[in-house]
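Data first, discussion second: the structure below is written as structure tokens.
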Amino acid sequence: MLDLEKELKLLLKTGKYYYGYKEVLEALYHKKVLGIILASKIPKEIYSKILYYAKLADVKVYIFNGSSMELGNLCGKKFPITSIAIISPGESNILELFKT
């Protein structure tokens, strides 16, 4: 089993990513996104819009079973994070999440 907290911290340290609703949508429009981590307890319109554009871009989405505040805490931030777009995993194995 992959330790999400450990892999997220390694991604934040060594990888390339964008976080937040607007940044993730922008990355989906213009960048090669390898995967998206999406908090499950966020406003429905944000949740639906990210899933829709991820499907159009053929990008896999991992649904984090928790709130945006919990996802923000896992990332070491003191504010909510609705979503994370992974551009490069760096030294982390975070992309293993999308294989299950």
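Letters for chains follow the order of the structure tokens (A, B, ...), residue numbers begin at 1 for each chain, and ligand numbers begin at 1 in the order shown.
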
Do you know which residues are at most 7 Å from stretch 97-99 of chain A counting only C-alpha atoms, after dropping those on the same chain fewer than 3 positions away, and could you put them as a PDB file with N, CA and C atoms, in the first residue's frame?
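The result, written out as selection-v8.pdb:
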ATOM      1  N   LYS A  60      -5.909  10.651 -15.791  1.00  0.00           N
ATOM      2  CA  LYS A  60      -6.479   9.868 -14.694  1.00  0.00           C
ATOM      3  C   LYS A  60      -6.606  10.721 -13.439  1.00  0.00           C
ATOM      4  N   TYR A  62      -7.288  10.563  -9.194  1.00  0.00           N
ATOM      5  CA  TYR A  62      -7.367   9.823  -7.938  1.00  0.00           C
ATOM      6  C   TYR A  62      -8.232  10.643  -6.989  1.00  0.00           C
ATOM      7  N   ILE A  94       4.173   8.539  -6.680  1.00  0.00           N
ATOM      8  CA  ILE A  94       2.778   8.964  -6.555  1.00  0.00           C
ATOM      9  C   ILE A  94       1.910   8.467  -7.722  1.00  0.00           C
TER      10      ILE A  94
END

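Residues lying within 12 Å of A:Phe79, counting only C-alpha atoms and ignoring same-chain neighbours fewer than 4 positions away, are Tyr19, Gly20, Ser67, Ser68, Met69, Glu70, Leu71, Gly72, Asn73, Leu74 and Cys75 of chain A.
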
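Coordinates place atom CA of A:Ile81 at a distance of 13.5 Å from atom CA of A:Leu25.
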
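For the residues A:Glu23, A:Thr82, A:Val59, A:Leu4, ranking by smallest atom-to-atom distance to A:Glu45 using only C-alpha atoms places A:Thr82 first.
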
### Message
Need the shell around A:Tyr21: protein/DNA/RNA residues with any atom at most 10 Å away, counting only C-alpha atoms. Skip same-chain ones fewer than 3 positions apart. Format as a PyMOL selection string?
### Response
chain A and resi 18+24-26+38+46-47+49-50+81-85

May I have the residues from that selection written out with C-alpha atoms, as a PDB file, in the first residue's frame?
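This is the output file part.pdb:
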ATOM      1  CA  TYR A  18       0.091  22.732  -9.565  1.00  0.00           C
ATOM      2  CA  VAL A  24      -5.293  22.660 -12.106  1.00  0.00           C
ATOM      3  CA  LEU A  25      -7.758  23.720 -14.805  1.00  0.00           C
ATOM      4  CA  GLU A  26      -5.087  25.936 -16.364  1.00  0.00           C
ATOM      5  CA  LEU A  38      -8.958  15.505  -6.178  1.00  0.00           C
ATOM      6  CA  ILE A  46     -15.713  22.284  -8.822  1.00  0.00           C
ATOM      7  CA  TYR A  47     -15.622  18.492  -8.511  1.00  0.00           C
ATOM      8  CA  LYS A  49     -15.697  20.578 -13.730  1.00  0.00           C
ATOM      9  CA  ILE A  50     -12.287  19.082 -12.890  1.00  0.00           C
ATOM     10  CA  ILE A  81      -6.375  22.419  -1.485  1.00  0.00           C
ATOM     11  CA  THR A  82      -9.136  21.042  -3.705  1.00  0.00           C
ATOM     12  CA  SER A  83      -6.880  19.427  -6.281  1.00  0.00           C
ATOM     13  CA  ILE A  84      -3.302  18.750  -7.341  1.00  0.00           C
ATOM     14  CA  ALA A  85      -2.155  18.349 -10.955  1.00  0.00           C
TER      15      ALA A  85
END

Among the residues of chain A, find those DSSP assigns to alpha helix (DSSP H) from the backbone and print them as a compact mmCIF listing (two decimals) with all heavy atoms, in the first residue's frame.
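So states_12.txt came out as:
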# COMPACT_ATOMS: atom_id res chain seq x y z
N LEU A 4 0.32 7.72 1.13
CA LEU A 4 -0.03 8.95 0.42
C LEU A 4 0.68 10.16 0.99
O LEU A 4 1.21 10.98 0.24
CB LEU A 4 -1.54 9.16 0.43
CG LEU A 4 -2.05 10.39 -0.31
CD1 LEU A 4 -1.69 10.32 -1.78
CD2 LEU A 4 -3.54 10.53 -0.14
N GLU A 5 0.74 10.27 2.30
CA GLU A 5 1.37 11.44 2.92
C GLU A 5 2.86 11.52 2.56
O GLU A 5 3.35 12.58 2.16
CB GLU A 5 1.20 11.39 4.44
CG GLU A 5 1.77 12.59 5.15
CD GLU A 5 1.49 12.60 6.64
OE1 GLU A 5 0.94 11.63 7.15
OE2 GLU A 5 1.86 13.60 7.28
N LYS A 6 3.54 10.40 2.65
CA LYS A 6 4.98 10.36 2.32
C LYS A 6 5.22 10.70 0.85
O LYS A 6 6.10 11.49 0.52
CB LYS A 6 5.52 8.96 2.65
CG LYS A 6 6.97 8.77 2.31
CD LYS A 6 7.39 7.35 2.60
CE LYS A 6 8.57 7.00 1.75
NZ LYS A 6 8.67 5.60 1.43
N GLU A 7 4.41 10.11 -0.02
CA GLU A 7 4.58 10.34 -1.46
C GLU A 7 4.23 11.78 -1.85
O GLU A 7 4.88 12.38 -2.70
CB GLU A 7 3.75 9.35 -2.27
CG GLU A 7 4.19 7.91 -2.12
CD GLU A 7 5.64 7.65 -2.53
OE1 GLU A 7 6.15 8.34 -3.43
OE2 GLU A 7 6.26 6.76 -1.94
N LEU A 8 3.21 12.36 -1.21
CA LEU A 8 2.87 13.76 -1.48
C LEU A 8 4.00 14.69 -1.06
O LEU A 8 4.34 15.61 -1.80
CB LEU A 8 1.59 14.15 -0.72
CG LEU A 8 0.28 14.04 -1.48
CD1 LEU A 8 -0.88 14.38 -0.58
CD2 LEU A 8 0.27 14.88 -2.72
N LYS A 9 4.58 14.44 0.09
CA LYS A 9 5.68 15.29 0.56
C LYS A 9 6.88 15.18 -0.38
O LYS A 9 7.55 16.18 -0.67
CB LYS A 9 6.06 14.94 2.00
CG LYS A 9 5.03 15.43 2.98
CD LYS A 9 5.41 15.18 4.41
CE LYS A 9 4.29 15.72 5.29
NZ LYS A 9 4.56 15.57 6.69
N LEU A 10 7.14 13.98 -0.88
CA LEU A 10 8.25 13.78 -1.81
C LEU A 10 7.94 14.46 -3.15
O LEU A 10 8.83 15.06 -3.77
CB LEU A 10 8.50 12.28 -2.01
CG LEU A 10 9.84 11.88 -2.59
CD1 LEU A 10 11.01 12.49 -1.82
CD2 LEU A 10 9.96 10.36 -2.61
N LEU A 11 6.69 14.39 -3.59
CA LEU A 11 6.29 15.10 -4.81
C LEU A 11 6.48 16.60 -4.65
O LEU A 11 7.03 17.25 -5.54
CB LEU A 11 4.81 14.81 -5.13
CG LEU A 11 4.18 15.68 -6.22
CD1 LEU A 11 4.75 15.32 -7.59
CD2 LEU A 11 2.68 15.56 -6.21
N LEU A 12 6.06 17.14 -3.52
CA LEU A 12 6.18 18.58 -3.30
C LEU A 12 7.63 19.03 -3.24
O LEU A 12 7.97 20.15 -3.60
CB LEU A 12 5.45 18.97 -2.01
CG LEU A 12 3.95 18.72 -1.97
CD1 LEU A 12 3.37 19.09 -0.62
CD2 LEU A 12 3.23 19.47 -3.07
N LYS A 13 8.49 18.13 -2.78
CA LYS A 13 9.92 18.45 -2.64
C LYS A 13 10.68 18.29 -3.96
O LYS A 13 11.54 19.12 -4.27
CB LYS A 13 10.51 17.52 -1.58
CG LYS A 13 11.86 17.90 -1.08
CD LYS A 13 12.26 16.94 0.03
CE LYS A 13 13.42 17.46 0.80
NZ LYS A 13 13.82 16.55 1.87
N THR A 14 10.37 17.25 -4.74
CA THR A 14 11.20 16.93 -5.91
C THR A 14 10.48 17.00 -7.24
O THR A 14 11.13 16.99 -8.29
CB THR A 14 11.80 15.51 -5.78
OG1 THR A 14 10.73 14.55 -5.77
CG2 THR A 14 12.62 15.36 -4.51
N TYR A 21 -7.92 24.82 -7.62
CA TYR A 21 -8.90 24.66 -8.69
C TYR A 21 -8.49 25.36 -9.98
O TYR A 21 -8.43 24.75 -11.05
CB TYR A 21 -10.24 25.17 -8.15
CG TYR A 21 -11.32 25.37 -9.15
CD1 TYR A 21 -11.88 24.29 -9.82
CD2 TYR A 21 -11.83 26.64 -9.42
CE1 TYR A 21 -12.90 24.47 -10.73
CE2 TYR A 21 -12.85 26.83 -10.32
CZ TYR A 21 -13.38 25.74 -10.98
OH TYR A 21 -14.38 25.92 -11.87
N LYS A 22 -8.19 26.64 -9.91
CA LYS A 22 -7.87 27.41 -11.11
C LYS A 22 -6.56 26.97 -11.74
O LYS A 22 -6.44 26.87 -12.96
CB LYS A 22 -7.82 28.91 -10.79
CG LYS A 22 -9.18 29.48 -10.45
CD LYS A 22 -9.07 30.95 -10.09
CE LYS A 22 -10.40 31.49 -9.63
NZ LYS A 22 -10.31 32.87 -9.17
N GLU A 23 -5.57 26.71 -10.91
CA GLU A 23 -4.26 26.27 -11.42
C GLU A 23 -4.36 24.90 -12.10
O GLU A 23 -3.73 24.68 -13.14
CB GLU A 23 -3.24 26.21 -10.29
CG GLU A 23 -2.89 27.55 -9.70
CD GLU A 23 -2.04 28.39 -10.64
OE1 GLU A 23 -1.19 27.82 -11.36
OE2 GLU A 23 -2.24 29.61 -10.64
N VAL A 24 -5.14 24.00 -11.53
CA VAL A 24 -5.29 22.66 -12.11
C VAL A 24 -6.02 22.75 -13.45
O VAL A 24 -5.61 22.11 -14.43
CB VAL A 24 -6.02 21.72 -11.12
CG1 VAL A 24 -6.44 20.43 -11.81
CG2 VAL A 24 -5.11 21.40 -9.94
N LEU A 25 -7.07 23.55 -13.52
CA LEU A 25 -7.76 23.72 -14.81
C LEU A 25 -6.83 24.33 -15.85
O LEU A 25 -6.82 23.91 -17.01
CB LEU A 25 -9.01 24.59 -14.63
CG LEU A 25 -10.19 23.92 -13.95
CD1 LEU A 25 -11.36 24.89 -13.85
CD2 LEU A 25 -10.61 22.65 -14.65
N GLU A 26 -6.05 25.31 -15.45
CA GLU A 26 -5.09 25.94 -16.36
C GLU A 26 -4.07 24.90 -16.85
O GLU A 26 -3.71 24.87 -18.04
CB GLU A 26 -4.38 27.09 -15.65
CG GLU A 26 -3.52 27.93 -16.53
CD GLU A 26 -4.30 28.84 -17.48
OE1 GLU A 26 -5.46 29.16 -17.19
OE2 GLU A 26 -3.72 29.22 -18.51
N ALA A 27 -3.59 24.05 -15.94
CA ALA A 27 -2.63 23.01 -16.32
C ALA A 27 -3.26 22.02 -17.30
O ALA A 27 -2.62 21.57 -18.25
CB ALA A 27 -2.12 22.29 -15.08
N LEU A 28 -4.53 21.69 -17.07
CA LEU A 28 -5.22 20.78 -17.99
C LEU A 28 -5.36 21.41 -19.38
O LEU A 28 -5.27 20.71 -20.39
CB LEU A 28 -6.61 20.42 -17.45
CG LEU A 28 -6.63 19.35 -16.37
CD1 LEU A 28 -8.02 19.28 -15.74
CD2 LEU A 28 -6.24 18.00 -16.92
N TYR A 29 -5.57 22.70 -19.45
CA TYR A 29 -5.70 23.39 -20.73
C TYR A 29 -4.39 23.43 -21.50
O TYR A 29 -4.37 23.30 -22.71
CB TYR A 29 -6.16 24.84 -20.54
CG TYR A 29 -7.58 25.02 -20.05
CD1 TYR A 29 -7.89 26.07 -19.20
CD2 TYR A 29 -8.60 24.17 -20.43
CE1 TYR A 29 -9.19 26.25 -18.74
CE2 TYR A 29 -9.90 24.35 -19.98
CZ TYR A 29 -10.19 25.39 -19.14
OH TYR A 29 -11.46 25.57 -18.68
N HIS A 30 -3.26 23.63 -20.79
CA HIS A 30 -2.01 23.96 -21.48
C HIS A 30 -0.84 23.00 -21.26
O HIS A 30 0.13 23.09 -22.00
CB HIS A 30 -1.55 25.35 -21.05
CG HIS A 30 -2.55 26.41 -21.35
ND1 HIS A 30 -2.88 26.80 -22.63
CD2 HIS A 30 -3.33 27.16 -20.53
CE1 HIS A 30 -3.80 27.73 -22.59
NE2 HIS A 30 -4.10 27.98 -21.33
N LYS A 44 -19.71 20.67 -5.40
CA LYS A 44 -20.03 19.78 -6.52
C LYS A 44 -19.64 20.36 -7.88
O LYS A 44 -19.17 19.64 -8.76
CB LYS A 44 -21.52 19.46 -6.49
CG LYS A 44 -21.93 18.39 -7.46
CD LYS A 44 -23.38 18.01 -7.30
CE LYS A 44 -23.72 16.88 -8.25
NZ LYS A 44 -25.07 16.40 -8.07
N GLU A 45 -19.82 21.66 -8.07
CA GLU A 45 -19.49 22.26 -9.37
C GLU A 45 -18.00 22.20 -9.66
O GLU A 45 -17.60 21.97 -10.80
CB GLU A 45 -20.01 23.70 -9.48
CG GLU A 45 -19.31 24.67 -8.57
CD GLU A 45 -19.86 26.09 -8.68
OE1 GLU A 45 -21.09 26.25 -8.77
OE2 GLU A 45 -19.05 27.02 -8.69
N ILE A 46 -17.17 22.38 -8.64
CA ILE A 46 -15.71 22.28 -8.82
C ILE A 46 -15.33 20.84 -9.13
O ILE A 46 -14.57 20.55 -10.06
CB ILE A 46 -14.97 22.80 -7.57
CG1 ILE A 46 -15.17 24.30 -7.44
CG2 ILE A 46 -13.49 22.45 -7.62
CD1 ILE A 46 -14.61 24.89 -6.15
N TYR A 47 -15.88 19.92 -8.35
CA TYR A 47 -15.62 18.49 -8.51
C TYR A 47 -15.98 18.05 -9.93
O TYR A 47 -15.17 17.43 -10.63
CB TYR A 47 -16.46 17.74 -7.47
CG TYR A 47 -16.20 16.26 -7.36
CD1 TYR A 47 -15.18 15.78 -6.56
CD2 TYR A 47 -17.00 15.34 -8.03
CE1 TYR A 47 -14.95 14.42 -6.43
CE2 TYR A 47 -16.79 13.99 -7.91
CZ TYR A 47 -15.76 13.53 -7.11
OH TYR A 47 -15.54 12.19 -6.99
N SER A 48 -17.17 18.42 -10.38
CA SER A 48 -17.65 18.02 -11.71
C SER A 48 -16.81 18.64 -12.83
O SER A 48 -16.51 17.97 -13.82
CB SER A 48 -19.11 18.44 -11.89
OG SER A 48 -19.91 17.81 -10.94
N LYS A 49 -16.45 19.89 -12.68
CA LYS A 49 -15.70 20.58 -13.73
C LYS A 49 -14.31 19.97 -13.90
O LYS A 49 -13.86 19.75 -15.03
CB LYS A 49 -15.60 22.07 -13.41
CG LYS A 49 -15.20 22.91 -14.58
CD LYS A 49 -15.42 24.39 -14.29
CE LYS A 49 -15.26 25.21 -15.53
NZ LYS A 49 -15.51 26.62 -15.30
N ILE A 50 -13.62 19.69 -12.79
CA ILE A 50 -12.29 19.08 -12.89
C ILE A 50 -12.38 17.69 -13.50
O ILE A 50 -11.59 17.33 -14.37
CB ILE A 50 -11.59 19.06 -11.52
CG1 ILE A 50 -11.23 20.50 -11.11
CG2 ILE A 50 -10.33 18.19 -11.57
CD1 ILE A 50 -10.64 20.62 -9.73
N LEU A 51 -13.37 16.90 -13.08
CA LEU A 51 -13.53 15.57 -13.66
C LEU A 51 -13.84 15.64 -15.16
O LEU A 51 -13.30 14.85 -15.95
CB LEU A 51 -14.66 14.80 -12.95
CG LEU A 51 -14.33 14.26 -11.56
CD1 LEU A 51 -15.56 13.56 -10.98
CD2 LEU A 51 -13.16 13.29 -11.61
N TYR A 52 -14.66 16.60 -15.56
CA TYR A 52 -15.02 16.76 -16.96
C TYR A 52 -13.78 17.08 -17.81
O TYR A 52 -13.53 16.43 -18.83
CB TYR A 52 -16.07 17.86 -17.10
CG TYR A 52 -16.42 18.20 -18.52
CD1 TYR A 52 -17.21 17.35 -19.28
CD2 TYR A 52 -15.95 19.38 -19.11
CE1 TYR A 52 -17.52 17.66 -20.60
CE2 TYR A 52 -16.26 19.69 -20.42
CZ TYR A 52 -17.05 18.83 -21.16
OH TYR A 52 -17.35 19.13 -22.46
N TYR A 53 -13.00 18.07 -17.39
CA TYR A 53 -11.84 18.46 -18.18
C TYR A 53 -10.73 17.41 -18.12
O TYR A 53 -9.98 17.25 -19.09
CB TYR A 53 -11.33 19.84 -17.76
CG TYR A 53 -12.21 20.94 -18.29
CD1 TYR A 53 -13.06 21.65 -17.46
CD2 TYR A 53 -12.21 21.24 -19.64
CE1 TYR A 53 -13.89 22.64 -17.96
CE2 TYR A 53 -13.04 22.23 -20.16
CZ TYR A 53 -13.88 22.92 -19.31
OH TYR A 53 -14.70 23.89 -19.82
N ALA A 54 -10.63 16.69 -17.03
CA ALA A 54 -9.66 15.59 -16.96
C ALA A 54 -10.03 14.49 -17.95
O ALA A 54 -9.17 13.93 -18.62
CB ALA A 54 -9.58 15.04 -15.54
N LYS A 55 -11.32 14.22 -18.04
CA LYS A 55 -11.77 13.20 -19.00
C LYS A 55 -11.49 13.64 -20.43
O LYS A 55 -11.05 12.84 -21.25
CB LYS A 55 -13.26 12.93 -18.80
CG LYS A 55 -13.78 11.81 -19.63
CD LYS A 55 -15.23 11.50 -19.31
CE LYS A 55 -15.69 10.31 -20.14
NZ LYS A 55 -17.06 9.94 -19.83
N LEU A 56 -11.75 14.92 -20.74
CA LEU A 56 -11.46 15.43 -22.08
C LEU A 56 -9.98 15.33 -22.42
O LEU A 56 -9.61 15.06 -23.56
CB LEU A 56 -11.90 16.89 -22.20
CG LEU A 56 -13.39 17.17 -22.32
CD1 LEU A 56 -13.64 18.67 -22.39
CD2 LEU A 56 -13.99 16.47 -23.52
N SER A 68 -10.93 19.18 1.40
CA SER A 68 -9.84 19.97 0.85
C SER A 68 -8.90 20.44 1.97
O SER A 68 -7.70 20.59 1.75
CB SER A 68 -10.39 21.16 0.07
OG SER A 68 -11.23 21.94 0.87
N MET A 69 -9.44 20.64 3.16
CA MET A 69 -8.60 21.04 4.30
C MET A 69 -7.65 19.90 4.67
O MET A 69 -6.48 20.13 4.96
CB MET A 69 -9.48 21.44 5.48
CG MET A 69 -8.76 22.22 6.53
SD MET A 69 -8.25 23.82 5.87
CE MET A 69 -6.87 24.16 6.91
N GLU A 70 -8.17 18.67 4.65
CA GLU A 70 -7.34 17.50 4.96
C GLU A 70 -6.25 17.31 3.90
O GLU A 70 -5.10 16.99 4.24
CB GLU A 70 -8.20 16.24 5.06
CG GLU A 70 -9.13 16.24 6.26
CD GLU A 70 -10.15 15.12 6.22
OE1 GLU A 70 -10.55 14.70 5.11
OE2 GLU A 70 -10.56 14.69 7.30
N LEU A 71 -6.58 17.54 2.64
CA LEU A 71 -5.58 17.44 1.58
C LEU A 71 -4.53 18.52 1.74
O LEU A 71 -3.34 18.27 1.57
CB LEU A 71 -6.25 17.52 0.20
CG LEU A 71 -5.36 17.31 -1.01
CD1 LEU A 71 -4.65 15.96 -0.94
CD2 LEU A 71 -6.16 17.41 -2.30
N GLY A 72 -4.96 19.72 2.10
CA GLY A 72 -4.01 20.81 2.36
C GLY A 72 -3.07 20.47 3.51
O GLY A 72 -1.86 20.71 3.43
N ASN A 73 -3.61 19.89 4.57
CA ASN A 73 -2.78 19.49 5.71
C ASN A 73 -1.77 18.41 5.32
O ASN A 73 -0.62 18.44 5.78
CB ASN A 73 -3.65 19.00 6.87
CG ASN A 73 -4.37 20.13 7.57
OD1 ASN A 73 -3.96 21.28 7.50
ND2 ASN A 73 -5.46 19.80 8.23
N LEU A 74 -2.19 17.46 4.50
CA LEU A 74 -1.27 16.42 4.03
C LEU A 74 -0.11 17.01 3.24
O LEU A 74 1.00 16.49 3.27
CB LEU A 74 -1.99 15.41 3.13
CG LEU A 74 -2.65 14.22 3.78
CD1 LEU A 74 -3.30 13.33 2.73
CD2 LEU A 74 -1.69 13.42 4.61

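Those residues of chain A that DSSP, working from the backbone, places in strand (DSSP E) are Lys16, Tyr17, Tyr18, Tyr19, Gly35, Ile36, Ile37, Leu38, Ala39, Ser40, Lys41, Val61, Tyr62, Ile63, Phe64, Asn65, Gly66, Ser67, Ser83, Ile84, Ala85, Ile86, Ile87 and Ser88 of chain A.
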
### Query
Using only C-alpha atoms, which of the listed residues (A:Ala57, A:Gly76, A:Ile37, A:Lys32) sits closest to A:Ser88?
A:Lys32

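Atom CA of A:Val61 to atom CA of A:Lys78 spans 23.6 Å [interatomic distance, one decimal].
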